[in-house]
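Just structure-v4.json here, JSON, C-alpha atoms and all ligand atoms:
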```
[["chain", "number", "residue", "atom", "x", "y", "z"],
["A", 1, "MET", "CA", 201.91, 92.73, -142.29],
["A", 2, "LYS", "CA", 200.60, 92.63, -138.82],
["A", 3, "PHE", "CA", 201.63, 89.89, -136.46],
["A", 4, "ILE", "CA", 200.99, 89.77, -132.79],
["A", 5, "SER", "CA", 202.84, 86.85, -131.33],
["A", 6, "THR", "CA", 200.90, 84.04, -129.84],
["A", 7, "SER", "CA", 201.90, 81.04, -127.85],
["A", 8, "VAL", "CA", 200.94, 78.83, -130.77],
["A", 9, "SER", "CA", 202.43, 78.55, -134.20],
["A", 10, "LEU", "CA", 200.62, 79.35, -137.40],
["A", 11, "ALA", "CA", 200.83, 75.66, -138.18],
["A", 12, "ALA", "CA", 198.84, 74.93, -135.05],
["A", 13, "LEU", "CA", 196.34, 77.63, -135.94],
["A", 14, "PHE", "CA", 195.50, 75.90, -139.18],
["A", 15, "ALA", "CA", 196.06, 72.34, -138.09],
["A", 16, "SER", "CA", 193.25, 69.87, -137.80],
["A", 17, "GLY", "CA", 193.06, 66.24, -136.91],
["A", 18, "LEU", "CA", 191.91, 66.71, -133.34],
["A", 19, "ALA", "CA", 189.57, 64.04, -132.07],
["A", 20, "ASP", "CA", 186.02, 65.29, -131.92],
["A", 21, "VAL", "CA", 184.69, 66.32, -128.54],
["A", 22, "GLU", "CA", 181.78, 64.06, -127.62],
["A", 23, "ILE", "CA", 178.80, 66.16, -126.72],
["A", 24, "ASP", "CA", 175.51, 65.06, -125.17],
["A", 25, "PHE", "CA", 172.92, 67.46, -126.54],
["A", 26, "GLY", "CA", 170.09, 66.00, -124.47],
["A", 27, "THR", "CA", 166.72, 67.41, -125.42],
["A", 28, "THR", "CA", 168.20, 70.43, -127.24],
["A", 29, "THR", "CA", 168.19, 68.58, -130.57],
["A", 30, "SER", "CA", 164.54, 69.39, -131.26],
["A", 31, "PHE", "CA", 164.82, 73.02, -130.12],
["A", 32, "SER", "CA", 165.92, 75.94, -132.27],
["A", 33, "LEU", "CA", 165.56, 78.56, -129.52],
["A", 34, "VAL", "CA", 166.03, 78.23, -125.77],
["A", 35, "ALA", "CA", 166.18, 81.30, -123.54],
["A", 36, "VAL", "CA", 165.98, 82.00, -119.85],
["A", 37, "GLY", "CA", 164.76, 85.59, -119.97],
["A", 38, "GLY", "CA", 161.96, 85.35, -122.53],
["A", 39, "ILE", "CA", 161.82, 85.42, -126.32],
["A", 40, "ASN", "CA", 160.61, 88.69, -127.84],
["A", 41, "ASN", "CA", 159.91, 89.72, -131.38],
["A", 42, "VAL", "CA", 159.17, 93.00, -133.09],
["A", 43, "GLY", "CA", 158.04, 92.78, -136.71],
["A", 44, "THR", "CA", 157.80, 89.82, -139.03],
["A", 45, "SER", "CA", 160.74, 87.70, -137.96],
["A", 46, "GLY", "CA", 160.89, 84.11, -139.10],
["A", 47, "PRO", "CA", 159.95, 81.52, -139.95],
["A", 48, "ILE", "CA", 161.57, 79.77, -137.00],
["A", 49, "THR", "CA", 161.52, 76.01, -137.37],
["A", 50, "GLY", "CA", 161.87, 73.61, -134.43],
["A", 51, "ASP", "CA", 160.56, 73.96, -130.91],
["A", 52, "VAL", "CA", 161.20, 76.96, -128.66],
["A", 53, "ALA", "CA", 161.40, 77.29, -124.89],
["A", 54, "THR", "CA", 161.87, 79.88, -122.20],
["A", 55, "THR", "CA", 162.21, 79.12, -118.52],
["A", 56, "GLY", "CA", 161.46, 82.65, -117.37],
["A", 57, "HIS", "CA", 159.21, 85.38, -118.70],
["A", 58, "THR", "CA", 157.24, 84.67, -121.87],
["A", 59, "VAL", "CA", 157.30, 84.42, -125.64],
["A", 60, "ASN", "CA", 156.04, 87.66, -127.20],
["A", 61, "GLY", "CA", 155.46, 89.01, -130.69],
["A", 62, "PHE", "CA", 154.69, 85.72, -132.46],
["A", 63, "PRO", "CA", 152.69, 86.44, -134.52],
["A", 64, "ALA", "CA", 153.57, 88.65, -136.37],
["A", 65, "GLY", "CA", 156.78, 86.63, -136.15],
["A", 66, "ALA", "CA", 156.38, 83.04, -137.34],
["A", 67, "LEU", "CA", 157.06, 80.10, -135.02],
["A", 68, "GLU", "CA", 156.47, 76.68, -136.55],
["A", 69, "GLY", "CA", 157.25, 74.40, -133.59],
["A", 70, "THR", "CA", 155.91, 73.89, -130.09],
["A", 71, "VAL", "CA", 156.24, 76.73, -127.58],
["A", 72, "ASN", "CA", 157.21, 75.75, -124.03],
["A", 73, "THR", "CA", 156.95, 78.50, -121.45],
["A", 74, "ARG", "CA", 157.94, 77.99, -117.82],
["A", 75, "ASN", "CA", 157.20, 74.29, -117.79],
["A", 76, "ALA", "CA", 159.14, 71.10, -117.09],
["A", 77, "VAL", "CA", 160.08, 70.67, -120.74],
["A", 78, "ALA", "CA", 161.57, 74.17, -120.78],
["A", 79, "ASP", "CA", 163.46, 73.53, -117.55],
["A", 80, "GLN", "CA", 164.91, 70.32, -118.95],
["A", 81, "VAL", "CA", 166.05, 71.79, -122.26],
["A", 82, "ARG", "CA", 167.57, 74.78, -120.50],
["A", 83, "ALA", "CA", 169.47, 72.42, -118.18],
["A", 84, "ASP", "CA", 170.65, 70.41, -121.19],
["A", 85, "ALA", "CA", 171.77, 73.55, -123.05],
["A", 86, "LEU", "CA", 173.61, 74.78, -119.96],
["A", 87, "ALA", "CA", 175.38, 71.44, -119.65],
["A", 88, "VAL", "CA", 176.62, 71.76, -123.24],
["A", 89, "TYR", "CA", 177.78, 75.31, -122.56],
["A", 90, "ASN", "CA", 179.56, 74.19, -119.40],
["A", 91, "GLN", "CA", 181.31, 71.45, -121.34],
["A", 92, "LEU", "CA", 182.35, 73.56, -124.33],
["A", 93, "HIS", "CA", 183.22, 76.91, -122.80],
["A", 94, "PRO", "CA", 186.32, 75.79, -120.84],
["A", 95, "LEU", "CA", 187.82, 73.79, -123.73],
["A", 96, "GLN", "CA", 191.35, 74.86, -124.58],
["A", 97, "GLY", "CA", 192.45, 74.93, -128.19],
["A", 98, "THR", "CA", 194.17, 77.55, -130.28],
["A", 99, "LEU", "CA", 194.20, 81.04, -128.84],
["A", 100, "VAL", "CA", 193.20, 83.29, -131.72],
["A", 101, "THR", "CA", 194.76, 86.70, -131.60],
["A", 102, "ALA", "CA", 196.26, 87.48, -134.97],
["A", 103, "THR", "CA", 197.41, 86.03, -138.26],
["A", 104, "PRO", "CA", 200.41, 87.27, -140.23],
["A", 105, "ASP", "CA", 198.23, 88.60, -143.04],
["A", 106, "GLY", "CA", 196.18, 90.66, -140.63],
["A", 107, "THR", "CA", 192.91, 88.89, -141.36],
["A", 108, "ILE", "CA", 192.47, 88.27, -137.66],
["A", 109, "THR", "CA", 193.26, 91.31, -135.59],
["A", 110, "VAL", "CA", 192.97, 92.29, -132.00],
["A", 111, "GLU", "CA", 191.55, 95.67, -131.26],
["A", 112, "LYS", "CA", 193.16, 96.74, -128.04],
["A", 113, "GLY", "CA", 191.28, 99.21, -125.91],
["A", 114, "PRO", "CA", 190.72, 97.79, -122.45],
["A", 115, "GLY", "CA", 192.43, 94.61, -123.57],
["A", 116, "ASP", "CA", 195.99, 93.66, -124.31],
["A", 117, "LEU", "CA", 198.20, 92.04, -126.90],
["A", 118, "ASP", "CA", 197.50, 88.60, -125.54],
["A", 119, "GLY", "CA", 194.01, 88.64, -126.94],
["A", 120, "HIS", "CA", 191.88, 90.59, -124.53],
["A", 121, "GLY", "CA", 189.86, 93.26, -126.27],
["A", 122, "THR", "CA", 187.97, 92.67, -129.50],
["A", 123, "THR", "CA", 189.22, 90.00, -131.85],
["A", 124, "ASN", "CA", 188.03, 90.73, -135.39],
["A", 125, "PHE", "CA", 187.64, 87.91, -137.86],
["A", 126, "SER", "CA", 187.75, 89.46, -141.33],
["A", 127, "GLY", "CA", 187.70, 86.97, -144.17],
["A", 128, "ALA", "CA", 189.59, 84.36, -142.20],
["A", 129, "VAL", "CA", 189.50, 80.67, -143.12],
["A", 130, "PHE", "CA", 189.41, 78.08, -140.32],
["A", 131, "THR", "CA", 189.99, 74.36, -140.52],
["A", 132, "PRO", "CA", 188.38, 72.04, -137.94],
["A", 133, "GLY", "CA", 189.56, 72.62, -134.38],
["A", 134, "ILE", "CA", 188.95, 74.44, -131.14],
["A", 135, "TYR", "CA", 189.53, 78.19, -131.21],
["A", 136, "ASN", "CA", 189.56, 80.43, -128.15],
["A", 137, "VAL", "CA", 188.94, 84.17, -128.17],
["A", 138, "LEU", "CA", 189.71, 85.64, -124.77],
["A", 139, "SER", "CA", 187.25, 88.49, -124.84],
["A", 140, "ILE", "CA", 184.93, 89.82, -127.60],
["A", 141, "LEU", "CA", 184.71, 88.14, -130.99],
["A", 142, "GLU", "CA", 183.47, 90.18, -133.93],
["A", 143, "VAL", "CA", 182.99, 88.58, -137.32],
["A", 144, "VAL", "CA", 183.52, 91.70, -139.42],
["A", 145, "THR", "CA", 183.37, 90.16, -142.88],
["A", 146, "ASN", "CA", 182.55, 86.63, -144.07],
["A", 147, "ILE", "CA", 184.60, 83.86, -142.52],
["A", 148, "THR", "CA", 184.88, 80.38, -143.96],
["A", 149, "LEU", "CA", 184.92, 77.14, -142.03],
["A", 150, "SER", "CA", 186.61, 74.68, -144.33],
["A", 151, "GLY", "CA", 186.74, 70.91, -144.12],
["A", 152, "ALA", "CA", 184.86, 67.98, -142.63],
["A", 153, "GLY", "CA", 185.23, 67.91, -138.86],
["A", 154, "GLN", "CA", 184.27, 69.69, -135.69],
["A", 155, "PHE", "CA", 184.59, 73.44, -135.21],
["A", 156, "ILE", "CA", 184.34, 74.87, -131.69],
["A", 157, "PHE", "CA", 184.73, 78.58, -130.96],
["A", 158, "THR", "CA", 184.77, 79.87, -127.40],
["A", 159, "THR", "CA", 184.69, 83.50, -126.36],
["A", 160, "GLY", "CA", 185.27, 85.07, -122.98],
["A", 161, "SER", "CA", 182.75, 87.77, -123.73],
["A", 162, "HIS", "CA", 180.37, 88.93, -126.48],
["A", 163, "THR", "CA", 180.01, 87.44, -129.94],
["A", 164, "ARG", "CA", 179.03, 89.72, -132.80],
["A", 165, "LEU", "CA", 178.36, 89.45, -136.49],
["A", 166, "SER", "CA", 178.77, 92.78, -138.27],
["A", 167, "PRO", "CA", 176.09, 93.79, -140.78],
["A", 168, "GLY", "CA", 176.07, 91.36, -143.69],
["A", 169, "ALA", "CA", 178.80, 89.13, -142.26],
["A", 170, "GLN", "CA", 178.31, 85.44, -142.95],
["A", 171, "ILE", "CA", 179.69, 82.20, -141.58],
["A", 172, "ILE", "CA", 180.30, 80.17, -144.73],
["A", 173, "LEU", "CA", 180.78, 76.41, -144.73],
["A", 174, "ALA", "CA", 183.01, 74.89, -147.39],
["A", 175, "ASP", "CA", 184.79, 71.71, -148.41],
["A", 176, "GLY", "CA", 182.66, 69.33, -146.34],
["A", 177, "ALA", "CA", 182.10, 71.53, -143.29],
["A", 178, "ASP", "CA", 178.70, 70.65, -141.81],
["A", 179, "VAL", "CA", 176.51, 72.94, -139.76],
["A", 180, "SER", "CA", 175.79, 70.13, -137.30],
["A", 181, "ASN", "CA", 179.50, 70.14, -136.42],
["A", 182, "VAL", "CA", 179.84, 73.87, -135.64],
["A", 183, "PHE", "CA", 179.55, 75.19, -132.08],
["A", 184, "PHE", "CA", 180.00, 78.52, -130.36],
["A", 185, "ALA", "CA", 180.23, 78.84, -126.57],
["A", 186, "SER", "CA", 180.05, 82.51, -125.74],
["A", 187, "GLY", "CA", 180.64, 84.01, -122.32],
["A", 188, "ASP", "CA", 178.27, 86.91, -122.84],
["A", 189, "SER", "CA", 175.69, 88.21, -125.32],
["A", 190, "ALA", "CA", 175.40, 87.70, -129.06],
["A", 191, "ASN", "CA", 174.42, 90.36, -131.55],
["A", 192, "PHE", "CA", 173.76, 89.15, -135.08],
["A", 193, "SER", "CA", 173.51, 92.36, -137.07],
["A", 194, "SER", "CA", 171.32, 93.14, -140.03],
["A", 195, "GLY", "CA", 171.66, 90.80, -142.96],
["A", 196, "SER", "CA", 174.14, 88.52, -141.23],
["A", 197, "LEU", "CA", 174.12, 84.72, -141.43],
["A", 198, "PHE", "CA", 175.03, 82.57, -138.44],
["A", 199, "GLN", "CA", 175.63, 78.86, -139.01],
["A", 200, "GLY", "CA", 176.09, 76.46, -136.11],
["A", 201, "ARG", "CA", 174.71, 75.99, -132.65],
["A", 202, "PHE", "CA", 175.23, 78.95, -130.36],
["A", 203, "PHE", "CA", 175.41, 78.35, -126.61],
["A", 204, "GLY", "CA", 175.59, 81.72, -124.86],
["A", 205, "ASP", "CA", 175.60, 82.93, -121.31],
["A", 206, "SER", "CA", 173.54, 86.05, -121.95],
["A", 207, "ALA", "CA", 171.13, 87.76, -124.35],
["A", 208, "VAL", "CA", 170.90, 87.00, -128.07],
["A", 209, "PHE", "CA", 169.85, 89.73, -130.51],
["A", 210, "MET", "CA", 168.80, 89.04, -134.09],
["A", 211, "GLN", "CA", 168.55, 92.23, -136.13],
["A", 212, "ASP", "CA", 166.84, 93.01, -139.45],
["A", 213, "GLY", "CA", 167.15, 90.15, -141.88],
["A", 214, "ALA", "CA", 169.71, 88.26, -139.77],
["A", 215, "THR", "CA", 169.29, 84.53, -140.24],
["A", 216, "ALA", "CA", 170.58, 81.51, -138.38],
["A", 217, "ILE", "CA", 170.93, 77.88, -139.38],
["A", 218, "GLY", "CA", 171.48, 75.59, -136.40],
["A", 219, "GLY", "CA", 170.14, 76.63, -132.99],
["A", 220, "LEU", "CA", 170.38, 79.43, -130.43],
["A", 221, "TYR", "CA", 170.56, 78.69, -126.70],
["A", 222, "SER", "CA", 170.76, 81.63, -124.33],
["A", 223, "GLY", "CA", 171.22, 82.15, -120.62],
["A", 224, "GLY", "CA", 169.50, 85.53, -121.02],
["A", 225, "LEU", "CA", 166.72, 86.91, -123.18],
["A", 226, "MET", "CA", 166.36, 86.62, -126.92],
["A", 227, "ASN", "CA", 165.18, 89.58, -129.00],
["A", 228, "PHE", "CA", 164.27, 89.47, -132.67],
["A", 229, "THR", "CA", 163.71, 92.61, -134.72],
["A", 230, "ASN", "CA", 162.38, 91.91, -138.23],
["A", 231, "ALA", "CA", 164.90, 89.08, -138.34],
["A", 232, "GLY", "CA", 165.06, 86.38, -140.96],
["A", 233, "GLY", "CA", 164.48, 82.75, -140.20],
["A", 234, "VAL", "CA", 166.07, 80.36, -137.78],
["A", 235, "THR", "CA", 166.29, 76.90, -139.29],
["A", 236, "LEU", "CA", 166.86, 74.09, -136.83],
["A", 237, "VAL", "CA", 169.75, 71.77, -137.67],
["A", 238, "SER", "CA", 170.96, 69.59, -134.84],
["B", 1, "LIG", "C1", 187.09, 95.58, -135.50],
["B", 1, "LIG", "O1", 185.81, 95.67, -136.06],
["B", 1, "LIG", "C2", 185.05, 96.77, -135.57],
["B", 1, "LIG", "C3", 183.67, 96.65, -136.16],
["B", 1, "LIG", "O2", 183.72, 96.63, -137.56],
["B", 1, "LIG", "C4", 185.77, 98.05, -135.95],
["B", 1, "LIG", "O3", 185.07, 99.15, -135.39],
["B", 1, "LIG", "C5", 187.19, 98.04, -135.43],
["B", 1, "LIG", "O4", 187.88, 99.16, -135.90],
["B", 1, "LIG", "C6", 187.91, 96.79, -135.88],
["B", 1, "LIG", "N1", 189.22, 96.76, -135.27],
["B", 1, "LIG", "C7", 190.33, 96.43, -135.96],
["B", 1, "LIG", "C8", 191.61, 96.45, -135.18],
["B", 1, "LIG", "O5", 190.32, 96.14, -137.14],
["B", 2, "LIG", "C1", 179.63, 86.90, -148.13],
["B", 2, "LIG", "O1", 179.20, 85.69, -148.72],
["B", 2, "LIG", "C2", 178.01, 85.81, -149.49],
["B", 2, "LIG", "C3", 177.58, 84.41, -149.91],
["B", 2, "LIG", "O2", 178.60, 83.79, -150.62],
["B", 2, "LIG", "C4", 178.24, 86.73, -150.65],
["B", 2, "LIG", "O3", 177.04, 86.91, -151.37],
["B", 2, "LIG", "C5", 178.72, 88.07, -150.13],
["B", 2, "LIG", "O4", 179.04, 88.92, -151.20],
["B", 2, "LIG", "C6", 179.94, 87.90, -149.24],
["B", 2, "LIG", "N1", 180.30, 89.18, -148.66],
["B", 2, "LIG", "C7", 181.52, 89.68, -148.78],
["B", 2, "LIG", "C8", 181.73, 91.01, -148.13],
["B", 2, "LIG", "O5", 182.41, 89.12, -149.41],
["B", 3, "LIG", "C1", 173.81, 95.19, -132.36],
["B", 3, "LIG", "O1", 174.64, 95.68, -133.41],
["B", 3, "LIG", "C2", 174.08, 96.78, -134.11],
["B", 3, "LIG", "C3", 175.07, 97.17, -135.19],
["B", 3, "LIG", "O2", 175.29, 96.13, -136.04],
["B", 3, "LIG", "C4", 173.85, 97.93, -133.15],
["B", 3, "LIG", "O3", 173.21, 98.97, -133.86],
["B", 3, "LIG", "C5", 172.98, 97.49, -132.00],
["B", 3, "LIG", "O4", 172.89, 98.52, -131.06],
["B", 3, "LIG", "C6", 173.58, 96.27, -131.32],
["B", 3, "LIG", "N1", 172.64, 95.82, -130.31],
["B", 3, "LIG", "C7", 173.05, 95.36, -129.14],
["B", 3, "LIG", "C8", 171.97, 94.96, -128.21],
["B", 3, "LIG", "O5", 174.23, 95.24, -128.85],
["B", 4, "LIG", "C1", 163.88, 93.08, -125.77],
["B", 4, "LIG", "O1", 162.63, 93.22, -126.40],
["B", 4, "LIG", "C2", 161.60, 93.66, -125.52],
["B", 4, "LIG", "C3", 160.30, 93.62, -126.29],
["B", 4, "LIG", "O2", 160.41, 94.33, -127.50],
["B", 4, "LIG", "C4", 161.95, 95.05, -125.03],
["B", 4, "LIG", "O3", 160.97, 95.50, -124.12],
["B", 4, "LIG", "C5", 163.30, 95.00, -124.32],
["B", 4, "LIG", "O4", 163.70, 96.32, -123.97],
["B", 4, "LIG", "C6", 164.35, 94.41, -125.23],
["B", 4, "LIG", "N1", 165.57, 94.24, -124.44],
["B", 4, "LIG", "C7", 166.75, 94.68, -124.86],
["B", 4, "LIG", "C8", 167.88, 94.45, -123.92],
["B", 4, "LIG", "O5", 166.92, 95.22, -125.95]]
```
Once you've parsed the file, please lay out its structure as structure tokens.
Amino acid sequence: MKFISTSVSLAALFASGLADVEIDFGTTTSFSLVAVGGINNVGTSGPITGDVATTGHTVNGFPAGALEGTVNTRNAVADQVRADALAVYNQLHPLQGTLVTATPDGTITVEKGPGDLDGHGTTNFSGAVFTPGIYNVLSILEVVTNITLSGAGQFIFTTGSHTRLSPGAQIILADGADVSNVFFASGDSANFSSGSLFQGRFFGDSAVFMQDGATAIGGLYSGGLMNFTNAGGVTLVS
């Protein structure tokens, strides 16, 4: 058993019943990808449904990657959707909920290193089950093995720093959990490793990387660049 004390009880960690946060998605609802620093692809990534936009740089490598929607590059539409995505990020990222550091069974662990017992460092989610709520990771979040989001309701995860999915790790929705109710607000980059599955809408402050076969259902909104390498599809759900 591994238990690192937190300021919240286990009951709070698995409690639900919070009122949903009201979010104005603006024009993001028709966009699957929004990036500031360009959208690049190497290989046959896709298909990517929904519209895409970048406010800086360009969209490269499609084809061979497959984009099905409208491409907006450095135009007013791109500026608007970026502003709307940033507004969502600015709303979600400061939200305070349950600080996730550890669970008694060790399925959520904090890797120390430059961090500390209070949750700085890397927080690994390995097989953990979450009910609806707001969950805060102070520094890096790594989904090491499949996690399950269980139950109808809103799920919001915030991270102080990077968000990572290990190879093959999936975000699984169960018992009424709906992808349109899942949000990540990440203070730095995202790296969705080979064969991983991301479900939800990801609002990040820096680059997003989609590796071989990584797929996403929802939408990806980045304050940096977005790089795809032989990735799987991105299916817009808003
Ligand atoms: C967290 O996951 C990473 C990546 O799989 C691993 O290198 C690290 O050892 C894990 N840390 C803990 C404390 O389990
Ligand atoms: C993750 O979930 C998928 C889909 O249910 C499953 O095929 C895969 O085996 C799971 N991976 C692990 C490590 O349990
Ligand atoms: C993303 O993660 C993979 C391992 O899963 C690693 O090989 C790669 O270097 C990482 N890329 C970035 C940009 O962090
Ligand atoms: C992103 O992809 C582009 C085009 O393949 C490449 O030039 C650039 O180095 C990549 N950036 C990072 C940070 O991996």
Practice problem: Pick out the residues no farther than 6 Å from ligand LIG 3 (chain B), counting all atoms listed in the file, and list them as number ranges by chain. | Solution: A: 166-167, 191, 193
Quiz prompt | Radius query 10 Å about (155.9, 88.7, -126.7), atoms used: all atoms listed in the file, as a list in words | solution = Gly38, Ile39, Asn40, Asn41, Val42, His57, Thr58, Val59, Asn60, Gly61, Phe62, Pro63, Ala64, Gly65 and Asn227 of chain A
As a quick test: using only C-alpha atoms and all ligand atoms, which residues lie no more than 8 Å away from ligand LIG 2 (chain B)? Give them as an mmCIF file with C-alpha atoms, in the frame of the given file.
```
data_model
loop_
_atom_site.group_PDB
_atom_site.id
_atom_site.type_symbol
_atom_site.label_atom_id
_atom_site.label_comp_id
_atom_site.auth_asym_id
_atom_site.auth_seq_id
_atom_site.Cartn_x
_atom_site.Cartn_y
_atom_site.Cartn_z
ATOM 1 C CA GLY A 127 187.700 86.970 -144.170
ATOM 2 C CA THR A 145 183.370 90.160 -142.880
ATOM 3 C CA ASN A 146 182.550 86.630 -144.070
ATOM 4 C CA GLY A 168 176.070 91.360 -143.690
ATOM 5 C CA ALA A 169 178.800 89.130 -142.260
ATOM 6 C CA GLN A 170 178.310 85.440 -142.950
ATOM 7 C CA ILE A 171 179.690 82.200 -141.580
ATOM 8 C CA ILE A 172 180.300 80.170 -144.730
#
```
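Comparing A:Thr27, A:Thr123, A:Gln96, A:Gln199 by their smallest distance to ligand LIG 1 (chain B), the closest is A:Thr123 (using only C-alpha atoms and all ligand atoms).
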Give me, as CSV, the closest atom pair and its distance (Å, one decimal) for every residue of chain A within a cut-off of 8 Å of ligand LIG 1 (chain B), counting all atoms listed in the file, rows sorted by chain and rising number.
```
residue,atom,partner,partner_atom,distance
A:Thr109,CA,B:LIG1,C8,5.4
A:Val110,CA,B:LIG1,C8,5.4
A:Glu111,CA,B:LIG1,C8,4.0
A:Lys112,CA,B:LIG1,C8,7.3
A:Thr122,CA,B:LIG1,C1,6.7
A:Thr123,CA,B:LIG1,C1,7.0
A:Asn124,CA,B:LIG1,C1,4.9
A:Glu142,CA,B:LIG1,O1,6.3
A:Val143,CA,B:LIG1,O1,7.7
A:Val144,CA,B:LIG1,O2,5.3
A:Ser166,CA,B:LIG1,O2,6.3
```
Give me, as a PDB file with C-alpha atoms, keeping the file's coordinate frame, all polymer residues having an atom no more than 10 Å from A:Ala207, counting only C-alpha atoms and skipping those fewer than 5 positions away in the same chain.
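The file below, result34.pdb, is the result:
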```pdb
ATOM      1  CA  ALA A  35     166.180  81.300-123.540  1.00  0.00           C
ATOM      2  CA  VAL A  36     165.980  82.000-119.850  1.00  0.00           C
ATOM      3  CA  GLY A  37     164.760  85.590-119.970  1.00  0.00           C
ATOM      4  CA  GLY A  38     161.960  85.350-122.530  1.00  0.00           C
ATOM      5  CA  ILE A  39     161.820  85.420-126.320  1.00  0.00           C
ATOM      6  CA  HIS A 162     180.370  88.930-126.480  1.00  0.00           C
ATOM      7  CA  ASP A 188     178.270  86.910-122.840  1.00  0.00           C
ATOM      8  CA  SER A 189     175.690  88.210-125.320  1.00  0.00           C
ATOM      9  CA  ALA A 190     175.400  87.700-129.060  1.00  0.00           C
ATOM     10  CA  ASN A 191     174.420  90.360-131.550  1.00  0.00           C
ATOM     11  CA  TYR A 221     170.560  78.690-126.700  1.00  0.00           C
ATOM     12  CA  SER A 222     170.760  81.630-124.330  1.00  0.00           C
ATOM     13  CA  GLY A 223     171.220  82.150-120.620  1.00  0.00           C
ATOM     14  CA  GLY A 224     169.500  85.530-121.020  1.00  0.00           C
ATOM     15  CA  LEU A 225     166.720  86.910-123.180  1.00  0.00           C
ATOM     16  CA  MET A 226     166.360  86.620-126.920  1.00  0.00           C
ATOM     17  CA  ASN A 227     165.180  89.580-129.000  1.00  0.00           C
TER      18      ASN A 227
END
```
Quiz prompt | Which of A:Ala231, A:Val71, A:Ala87, A:Ala102 sits closest to A:Thr55 [using all atoms listed in the file] | solution = A:Val71
Self-check item: Selection as a PyMOL selection string: residues within 8 Å of (187.8, 87.5, -130.5), counting all atoms listed in the file
Solution: chain A and resi 100-101+110+119-125+136-142+159+163
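The shortest atom-to-atom distance to ligand LIG 4 (chain B), with all atoms listed in the file taken into account, belongs to A:Gly43 out of A:Val237, A:Ala66, A:Ala128, A:Gly43.
Residue nearest A:Thr229, chosen from A:Asp24, A:His93, A:Ile147, A:Gly46 and counting only C-alpha atoms: A:Gly46.
For the choices A:Ile134, A:Val129, A:Leu149, A:Ala214, the atom-to-atom distance to A:Gly195 is smallest for A:Ala214 when using only C-alpha atoms.
Between atom CA of A:Asn72 and atom CA of A:Val179 the separation is 25.1 Å.
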Quiz item: What does the distance from atom CA of A:Leu165 to atom CA of A:Gly69 come to in Å, to one decimal?
Solution: 26.1 Å
Quiz item: Nearest to A:Ser186 among A:Gly204, A:Gly106, A:Gly219, A:Gly133, with distances taken over all atoms listed in the file: which residue is it?
Solution: A:Gly204
Repaired coordinates for stretch 147-160 of chain A (N, CA and C atoms) as a PDB file, keeping the file's coordinate frame:
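Done, and the output landed in out30.pdb:
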```
ATOM      1  N   ILE A 147     183.534  84.828-142.815  1.00  0.00           N
ATOM      2  CA  ILE A 147     184.600  83.860-142.520  1.00  0.00           C
ATOM      3  C   ILE A 147     184.177  82.519-143.114  1.00  0.00           C
ATOM      4  N   THR A 148     185.159  81.684-143.373  1.00  0.00           N
ATOM      5  CA  THR A 148     184.880  80.380-143.960  1.00  0.00           C
ATOM      6  C   THR A 148     185.389  79.279-143.036  1.00  0.00           C
ATOM      7  N   LEU A 149     184.528  78.332-142.764  1.00  0.00           N
ATOM      8  CA  LEU A 149     184.920  77.140-142.030  1.00  0.00           C
ATOM      9  C   LEU A 149     185.067  76.045-143.074  1.00  0.00           C
ATOM     10  N   SER A 150     186.277  75.532-143.192  1.00  0.00           N
ATOM     11  CA  SER A 150     186.610  74.680-144.330  1.00  0.00           C
ATOM     12  C   SER A 150     187.036  73.293-143.882  1.00  0.00           C
ATOM     13  N   GLY A 151     186.327  72.289-144.369  1.00  0.00           N
ATOM     14  CA  GLY A 151     186.740  70.910-144.120  1.00  0.00           C
ATOM     15  C   GLY A 151     185.766  70.154-143.240  1.00  0.00           C
ATOM     16  N   ALA A 152     185.714  68.839-143.448  1.00  0.00           N
ATOM     17  CA  ALA A 152     184.860  67.980-142.630  1.00  0.00           C
ATOM     18  C   ALA A 152     185.494  67.862-141.247  1.00  0.00           C
ATOM     19  N   GLY A 153     184.705  67.998-140.219  1.00  0.00           N
ATOM     20  CA  GLY A 153     185.230  67.910-138.860  1.00  0.00           C
ATOM     21  C   GLY A 153     184.535  68.907-137.967  1.00  0.00           C
ATOM     22  N   GLN A 154     184.956  68.902-136.709  1.00  0.00           N
ATOM     23  CA  GLN A 154     184.270  69.690-135.690  1.00  0.00           C
ATOM     24  C   GLN A 154     184.940  71.063-135.525  1.00  0.00           C
ATOM     25  N   PHE A 155     184.109  72.070-135.449  1.00  0.00           N
ATOM     26  CA  PHE A 155     184.590  73.440-135.210  1.00  0.00           C
ATOM     27  C   PHE A 155     183.983  73.919-133.891  1.00  0.00           C
ATOM     28  N   ILE A 156     184.828  74.339-132.959  1.00  0.00           N
ATOM     29  CA  ILE A 156     184.340  74.870-131.690  1.00  0.00           C
ATOM     30  C   ILE A 156     185.024  76.214-131.455  1.00  0.00           C
ATOM     31  N   PHE A 157     184.213  77.248-131.271  1.00  0.00           N
ATOM     32  CA  PHE A 157     184.730  78.580-130.960  1.00  0.00           C
ATOM     33  C   PHE A 157     184.254  78.946-129.555  1.00  0.00           C
ATOM     34  N   THR A 158     185.181  79.368-128.703  1.00  0.00           N
ATOM     35  CA  THR A 158     184.770  79.870-127.400  1.00  0.00           C
ATOM     36  C   THR A 158     185.173  81.333-127.293  1.00  0.00           C
ATOM     37  N   THR A 159     184.354  82.097-126.594  1.00  0.00           N
ATOM     38  CA  THR A 159     184.690  83.500-126.360  1.00  0.00           C
ATOM     39  C   THR A 159     184.520  83.797-124.873  1.00  0.00           C
ATOM     40  N   GLY A 160     185.400  84.661-124.363  1.00  0.00           N
ATOM     41  CA  GLY A 160     185.270  85.070-122.980  1.00  0.00           C
ATOM     42  C   GLY A 160     184.117  86.028-122.786  1.00  0.00           C
TER      43      GLY A 160
END
```
